[in-house]
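The block underneath contains the structure these notes are about, expressed in structure tokens.
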Amino acid sequence: MSTNKPKLVLVGGGGHCESCIDVIEQENKFQIIGIIDTKKGSVLGYPILGNDSIINNDFEHDVSFFITVGQIKSPELRMKIANSLKNKNLASIISPHAYVSKHAKIGEGTIVMHKAVVNANAVIGNHCIINTMANVEHGVIIEDFCHVSTGAMVNGQSKIERESFIGSNATIAQNIVVPKNSVISAGCFVKFKK
């Protein structure tokens, strides 16, 4: 089957990969040619191409990459993969079932999942996950390698500093700064330890 869509390789074949595949298929912008992972077989019908050692293989110049490893406890693995991909084309994925304002900015390697909202003048950094039904309000800044989880709310003019995790259903009030490398869950704040 031939297609004119750009080719896409996913890096990471776990549960988050499955969710990303669904969004990518719905967006219908890329042709997934396979997944890089340590296991063998396939994920939702897409073949595992090999492990991380093939990242530097001679993929065609028009192939893009997207990190499909999740981020809950730490962004370290996603950061390591991003470093290995720094000379590659990186995709950004936006679900057609999300609302992203034309006045918002979305960084490379970021995914905005189904029914998420990214409002006017919001700026989302690189390699972020804006998960299902997350709400990022006007003027919010979310720095690189952050995960705003399912149903979380980040209210206007707040800033989420890099490498942070905002857990499911957590609410960040307006004008709040969440420090770098933090974990927020509904009703609780925990700082990542290095």
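Chain lettering (A, B, ...) mirrors the order of the structure tokens, residue numbering begins at 1 for each chain separately, and ligand numbering begins at 1 in order of display.
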Could you list, as a short mmCIF file (atom, residue, chain, number, x, y, z; two decimals) with C-alpha atoms, in the first residue's frame, every residue within 7 Å of region 71-87 of chain A, counting only C-alpha atoms and ignoring same-chain residues fewer than 4 positions away?
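Done, and the output landed in result22.cif:
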```cif
data_model
loop_
_atom_site.label_atom_id
_atom_site.label_comp_id
_atom_site.auth_asym_id
_atom_site.auth_seq_id
_atom_site.Cartn_x
_atom_site.Cartn_y
_atom_site.Cartn_z
CA PHE A 145 9.67 17.07 29.21
CA HIS A 147 3.50 15.37 31.44
CA GLU A 163 10.62 17.69 33.75
CA PHE A 165 4.51 15.60 36.19
#
```
inquiry  = Going by DSSP on the backbone, which residues of region 77-147 of chain A come out as strand (DSSP E or B)? List them as a list in words.
reply    =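 Taking region 77-147 of chain A and keeping strand (DSSP E or B) gives Asn89, Leu90, Ile93, Ile94, Tyr99, Val100, Lys105, Ile106, Ile111, Val112, Val117, Val118, Val123, Ile124, Ile129, Ile130, Asn135, Val136, Ile141, Ile142 and His147 of chain A.
Every protein, DNA or RNA residue with an atom at most 12 Å from Pro47 (chain A), where only C-alpha atoms count and chain neighbours fewer than 3 positions away do not, is listed here: Val9, Leu10, Val11, Gly12, Gly13, Ile32, Ile33, Gly34, Ile35, Ile36, Asp37, Lys39, Lys40, Gly41, Ser42, Val43, Leu44, Gly50 and Asn51 of chain A.
Distances from A:Ile142, A:Val117, A:Val112, A:Ile67 to Leu90 (chain A) were compared using only C-alpha atoms, and the smallest one belongs to A:Ile67.
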